[in-house]
Amino acid sequence: MSFNLKKLGPGLLFAGAAIGVSHLVQSTRAGADYGFGLVWALLAIHLVKYPFFQFGPRYAMATGESLLHGYKKLGRGVLIIYILLTITTMFTIQTAVTIVSAGIAASLFQNIISTEIWTVILLAICVLILFKGKYSILDKAIKFIVITLSISTLLAVAIAISNLKLEFDLQQIIPSGTVGMAFLIAFMGWMPAPLDISVWQSLWAIEKQKDDADYEVKSSLFDFNVGYISTIIVGLCFIVLGALVMFHSPDEISPQASVFSGQLINMYTSNLGTWAYPIIGVAAFTTMFSTTLTTLDASPRAMDQSIGLLTNKIKKNGYLIWLIILAMGTIAIFFFLASEMGILIQIATIVSFLTAPFYAISNYALICSKHTPKDWRPSIYMHIISIVGILFLIAFGIWYLLSIYQ
């Protein structure tokens with residue numbers, strides 16, 4: 001299939017939503033704490049989660065409906081569980097990504113404006129973009145954001161490697177102890193993203209098809225693969241940056257958003273040179289702004305449709321109502337828990353990992369069911385990866401739960 005930027009959309013939105021806290025915070029910390037020792041975890045979790053993310057656009061384009069419609073066909077209980085999980089996590093996730101975005105913005109502008117005010121400003125900008133343009137402007141904006149993110153991140157890595165004075169140590173590590181296990185689970189919980197983003201993917205794919213009638217199964221899978229590969233490359237880049245710049249550093253990462261953001265950028269520039277500040281700053285900010293924007297669009301879109309399917313009533317302005325609820329809830333949580341960014345992120349990532357088996361099993365059951373046309377059901381290869389992935393997610397979840405009670 002020939003490359004056509006116009007054909008890309010939901011895949012880049014996936015990358016925009018995925019490349020955020022998991023990459024900027026968790027991947028950087030993985031490199032800072034373990035060097036290159038957790039590369040195995042990044043690659044393994046991408047492989048394990050791949051089928052369940054891919055089933056989102058596959059099902060949507062094969063059937064013309066989102067995964068939420070499919071969940072209802074599997075049983076109302078599945079849809080109800082999805083709604084409960086989303087309500088439980090959407091505010092925490094949105095707050096976590098917005099806090100980091102606001103902290104970076106405050107740091108870039110030398111703290112002329114406080115993190116609290118930046119939080120309100122960024123949410124207002126995102127709400128305005130989504131209120132005015134809906135999906136079409138989101139589709140256009142994310143292409144610019146992801147391209148800027150990719151170029152600036154790769155450039156930052158190239159600079160770090162050029163200044164390298166130590167040899168690469170590629171020995172892989174399995175963290176031990178409660179703290180190490182908690183970080184490993186948190187790292188994989190949002191790497192490349194929580195599995196509920198597969199639902200967002202299916203919704204975005206449906207919206208893309210409204211703008212482009214030629215967007216069908218094959219083009220949606222190509223689009224998704226481009227976005228997915230991007231998350232792998234950027235994830236590796238931030239591990240490299242953390243390993244080369246912060247590994248063995250005596251400084252500890254602060255749990256406060258504004259302090260962390262300045263600390264992160266300053267650690268890079270102190271090692272790479274102050275002239276690299278704009279590059280690191282742009283890479284960090286575009287990383288988090290893309291996540292803030294896409295998650296603020298997706299959760300209200302998913303809640304609007306899922307509640308409509310459950311009640312058989314579609315509200316005219318349901319999306320906008322949920323958009324405002326999420327924005328206001330995020331601001332409220334931020335002002336109460338701004339100083340607990342580290343704990344907030346860890347809770348959100350661990351919950352995402354522990355709930356991953358639900359999405360994995362639901363997506364796999366749906367794509368293998370009579371509700372999916374036979375031509376687009378998984379191949380034997382995808383069946384094997386899916387089953388292994390489900391077992392992996394369940395086993396790791398049990399391992400974590402047992403480890404915290406030892």
# chains A, B, ... in the order shown; residues from 1 in each chain; ligands from 1
>>> residues_around(residues="A:Val388", least_positions_apart="6", cutoff="12 Å", atoms="only C-alpha atoms", output="list in words")
Ala44, Ile45, Leu47, Val48, Lys49, Tyr50, Pro51, Phe52, Pro357, Ala360, Ile361, Tyr364, Tyr381, Met382, Ile394 and Ala395 of chain A
>>> residues_around(residues="A:Ile121", least_positions_apart="3", cutoff="12 Å", atoms="only C-alpha atoms", output="NGL selection string")
:A and (98-99 or 101-102 or 105-106 or 113-118 or 124-128 or 289 or 327 or 331)
>>> write_last_selection(atoms="N, CA and C atoms", output="compact mmCIF listing (two decimals), in the first residue's frame")
# COMPACT_ATOMS: atom_id res chain seq x y z
N THR A 98 -2.77 15.76 32.14
CA THR A 98 -2.87 17.22 32.12
C THR A 98 -1.90 17.86 33.09
N ILE A 99 -1.71 17.24 34.26
CA ILE A 99 -0.76 17.76 35.23
C ILE A 99 0.65 17.83 34.63
N SER A 101 1.47 17.87 31.43
CA SER A 101 1.47 18.86 30.35
C SER A 101 1.61 20.27 30.90
N ALA A 102 0.82 20.58 31.94
CA ALA A 102 0.85 21.92 32.54
C ALA A 102 2.20 22.19 33.19
N ALA A 105 4.65 23.04 30.43
CA ALA A 105 4.37 24.38 29.91
C ALA A 105 4.89 25.45 30.88
N ALA A 106 4.66 25.26 32.16
CA ALA A 106 5.14 26.21 33.16
C ALA A 106 6.66 26.30 33.15
N ILE A 113 3.75 31.77 34.53
CA ILE A 113 2.38 31.38 34.85
C ILE A 113 2.45 30.08 35.65
N SER A 114 1.67 29.97 36.70
CA SER A 114 1.72 28.79 37.56
C SER A 114 1.17 27.55 36.86
N THR A 115 1.53 26.41 37.41
CA THR A 115 1.04 25.14 36.86
C THR A 115 -0.48 25.07 36.94
N GLU A 116 -1.06 25.59 38.00
CA GLU A 116 -2.51 25.58 38.17
C GLU A 116 -3.21 26.33 37.03
N ILE A 117 -2.68 27.52 36.71
CA ILE A 117 -3.28 28.31 35.64
C ILE A 117 -3.06 27.64 34.29
N TRP A 118 -1.86 27.06 34.10
CA TRP A 118 -1.60 26.35 32.84
C TRP A 118 -2.56 25.17 32.66
N ALA A 124 -8.78 24.44 28.48
CA ALA A 124 -9.65 25.35 27.73
C ALA A 124 -9.33 25.30 26.24
N ILE A 125 -8.02 25.27 25.91
CA ILE A 125 -7.61 25.19 24.50
C ILE A 125 -8.10 23.89 23.88
N CYS A 126 -7.92 22.79 24.60
CA CYS A 126 -8.35 21.49 24.08
C CYS A 126 -9.86 21.43 23.90
N VAL A 127 -10.60 21.93 24.89
CA VAL A 127 -12.06 21.94 24.79
C VAL A 127 -12.50 22.79 23.60
N LEU A 128 -11.86 23.93 23.40
CA LEU A 128 -12.21 24.80 22.27
C LEU A 128 -11.95 24.11 20.94
N PHE A 289 0.96 17.21 25.27
CA PHE A 289 -0.22 17.91 24.75
C PHE A 289 -1.04 17.00 23.85
N ALA A 327 -13.59 17.80 31.77
CA ALA A 327 -12.71 18.96 31.96
C ALA A 327 -12.85 19.52 33.38
N ILE A 331 -10.04 19.46 36.57
CA ILE A 331 -9.61 20.65 37.30
C ILE A 331 -9.82 20.46 38.80
>>> select_by_dssp(residues="stretch 22-257 of chain A", states="helix (DSSP H, G or I)", output="count of residues only")
186
>>> atom_distance(atom1="atom CA of A:Phe238", atom2="atom CA of A:Thr28")
5.1 Å
>>> residues_around(residues="A:Phe334", least_positions_apart="4", cutoff="9 Å", atoms="only C-alpha atoms", output="number ranges by chain")
A: 95-96, 98-99, 116, 119, 329-330, 338-339
>>> write_last_selection(atoms="C-alpha atoms", output="compact mmCIF listing (two decimals), in the first residue's frame")
# COMPACT_ATOMS: atom_id res chain seq x y z
CA THR A 95 -5.71 14.56 35.47
CA ALA A 96 -2.40 12.68 35.30
CA THR A 98 -2.87 17.22 32.12
CA ILE A 99 -0.76 17.76 35.23
CA GLU A 116 -2.51 25.58 38.17
CA THR A 119 -3.86 23.41 33.67
CA GLY A 329 -13.63 16.96 37.02
CA THR A 330 -9.99 17.11 35.96
CA ALA A 338 -1.58 18.34 42.39
CA SER A 339 1.18 17.57 44.90
>>> residues_around(residues="A:Pro300", least_positions_apart="5", cutoff="9 Å", atoms="only C-alpha atoms", output="ChimeraX atom specification")
/A:295,305,318-326
>>> write_last_selection(atoms="N, CA, C and O atoms", output="short mmCIF file (atom, residue, chain, number, x, y, z; two decimals), in the first residue's frame")
data_model
loop_
_atom_site.label_atom_id
_atom_site.label_comp_id
_atom_site.auth_asym_id
_atom_site.auth_seq_id
_atom_site.Cartn_x
_atom_site.Cartn_y
_atom_site.Cartn_z
N THR A 295 -7.01 12.21 24.73
CA THR A 295 -7.79 11.58 25.81
C THR A 295 -9.02 12.41 26.16
O THR A 295 -10.07 11.84 26.51
N GLN A 305 -21.46 7.35 23.66
CA GLN A 305 -22.00 6.23 22.89
C GLN A 305 -22.38 5.05 23.79
O GLN A 305 -23.42 4.42 23.56
N GLY A 318 -24.68 14.93 23.90
CA GLY A 318 -24.07 14.05 24.89
C GLY A 318 -22.55 14.17 24.94
O GLY A 318 -21.95 14.21 26.02
N TYR A 319 -21.91 14.23 23.77
CA TYR A 319 -20.45 14.33 23.70
C TYR A 319 -19.97 15.60 24.40
O TYR A 319 -19.03 15.56 25.20
N LEU A 320 -20.61 16.72 24.10
CA LEU A 320 -20.20 18.00 24.69
C LEU A 320 -20.44 18.01 26.20
O LEU A 320 -19.64 18.58 26.96
N ILE A 321 -21.53 17.38 26.64
CA ILE A 321 -21.81 17.32 28.09
C ILE A 321 -20.71 16.55 28.80
O ILE A 321 -20.18 16.99 29.84
N TRP A 322 -20.33 15.39 28.26
CA TRP A 322 -19.27 14.59 28.86
C TRP A 322 -17.92 15.29 28.77
O TRP A 322 -17.08 15.16 29.67
N LEU A 323 -17.72 16.04 27.69
CA LEU A 323 -16.48 16.81 27.53
C LEU A 323 -16.33 17.83 28.66
O LEU A 323 -15.26 17.95 29.27
N ILE A 324 -17.39 18.53 28.95
CA ILE A 324 -17.37 19.54 30.02
C ILE A 324 -17.23 18.87 31.39
O ILE A 324 -16.47 19.34 32.25
N ILE A 325 -17.94 17.76 31.59
CA ILE A 325 -17.85 17.03 32.86
C ILE A 325 -16.41 16.58 33.11
O ILE A 325 -15.87 16.72 34.22
N LEU A 326 -15.76 16.03 32.07
CA LEU A 326 -14.40 15.55 32.22
C LEU A 326 -13.43 16.69 32.49
O LEU A 326 -12.54 16.59 33.36
#
>>> closest_atom_pairs(of="stretch 293-312 of chain A", to="stretch 195-215 of chain A", cutoff="8 Å", atoms="only C-alpha atoms", output="JSON lines")
{"residue": "A:Ala298", "atom": "CA", "partner": "A:Trp200", "partner_atom": "CA", "distance": 5.7}
{"residue": "A:Ser299", "atom": "CA", "partner": "A:Trp200", "partner_atom": "CA", "distance": 7.7}
{"residue": "A:Arg301", "atom": "CA", "partner": "A:Leu203", "partner_atom": "CA", "distance": 7.7}
{"residue": "A:Ala302", "atom": "CA", "partner": "A:Trp200", "partner_atom": "CA", "distance": 6.8}
>>> residues_around(residues="A:Trp190", least_positions_apart="3", cutoff="8 Å", atoms="only C-alpha atoms", output="PyMOL selection string")
chain A and resi 18+21-22+186-187+193-194+349+352-353
>>> write_last_selection(atoms="N, CA, C and O atoms", output="PDB file, in the first residue's frame")
ATOM      1  N   ALA A  18      -1.227   7.459  23.084  1.00  0.00           N
ATOM      2  CA  ALA A  18      -0.345   6.513  23.757  1.00  0.00           C
ATOM      3  C   ALA A  18       0.956   7.153  24.214  1.00  0.00           C
ATOM      4  O   ALA A  18       1.444   6.896  25.323  1.00  0.00           O
ATOM      5  N   VAL A  21       2.393   9.944  29.250  1.00  0.00           N
ATOM      6  CA  VAL A  21       2.992   9.617  30.542  1.00  0.00           C
ATOM      7  C   VAL A  21       3.803   8.326  30.446  1.00  0.00           C
ATOM      8  O   VAL A  21       4.884   8.211  31.036  1.00  0.00           O
ATOM      9  N   SER A  22       3.286   7.347  29.705  1.00  0.00           N
ATOM     10  CA  SER A  22       3.992   6.067  29.591  1.00  0.00           C
ATOM     11  C   SER A  22       5.379   6.246  29.011  1.00  0.00           C
ATOM     12  O   SER A  22       6.324   5.544  29.389  1.00  0.00           O
ATOM     13  N   ALA A 186       3.447  -0.834  36.620  1.00  0.00           N
ATOM     14  CA  ALA A 186       3.017   0.499  36.200  1.00  0.00           C
ATOM     15  C   ALA A 186       3.576   0.826  34.826  1.00  0.00           C
ATOM     16  O   ALA A 186       2.885   1.397  33.978  1.00  0.00           O
ATOM     17  N   PHE A 187       4.816   0.463  34.588  1.00  0.00           N
ATOM     18  CA  PHE A 187       5.473   0.713  33.301  1.00  0.00           C
ATOM     19  C   PHE A 187       4.727   0.002  32.170  1.00  0.00           C
ATOM     20  O   PHE A 187       4.439   0.589  31.124  1.00  0.00           O
ATOM     21  N   ALA A 193      -0.094   1.913  25.972  1.00  0.00           N
ATOM     22  CA  ALA A 193      -1.288   2.631  26.436  1.00  0.00           C
ATOM     23  C   ALA A 193      -2.216   1.634  27.119  1.00  0.00           C
ATOM     24  O   ALA A 193      -2.067   0.422  26.953  1.00  0.00           O
ATOM     25  N   PRO A 194      -3.178   2.128  27.916  1.00  0.00           N
ATOM     26  CA  PRO A 194      -4.190   1.226  28.471  1.00  0.00           C
ATOM     27  C   PRO A 194      -4.990   0.580  27.339  1.00  0.00           C
ATOM     28  O   PRO A 194      -5.221   1.198  26.296  1.00  0.00           O
ATOM     29  N   THR A 349      -1.823   3.869  36.364  1.00  0.00           N
ATOM     30  CA  THR A 349      -1.157   2.879  35.518  1.00  0.00           C
ATOM     31  C   THR A 349      -1.370   1.459  36.029  1.00  0.00           C
ATOM     32  O   THR A 349      -1.577   0.534  35.240  1.00  0.00           O
ATOM     33  N   SER A 352      -4.876   0.370  35.240  1.00  0.00           N
ATOM     34  CA  SER A 352      -4.964   0.072  33.805  1.00  0.00           C
ATOM     35  C   SER A 352      -4.424  -1.317  33.495  1.00  0.00           C
ATOM     36  O   SER A 352      -4.989  -2.040  32.669  1.00  0.00           O
ATOM     37  N   PHE A 353      -3.322  -1.699  34.168  1.00  0.00           N
ATOM     38  CA  PHE A 353      -2.758  -3.015  33.906  1.00  0.00           C
ATOM     39  C   PHE A 353      -3.653  -4.120  34.453  1.00  0.00           C
ATOM     40  O   PHE A 353      -3.869  -5.142  33.791  1.00  0.00           O
TER      41      PHE A 353
END
>>> residues_around(residues="A:Ile173", least_positions_apart="6", cutoff="12 Å", atoms="only C-alpha atoms", output="list in words")
Ala30, Gly31, Asp33, Tyr34, Gly35, Phe36, Gly37, Leu38, Val39, Trp40, Ala41, Gly180, Met181 and Leu184 of chain A
>>> atom_distance(atom1="atom CA of A:Phe392", atom2="atom CA of A:Leu241")
28.3 Å
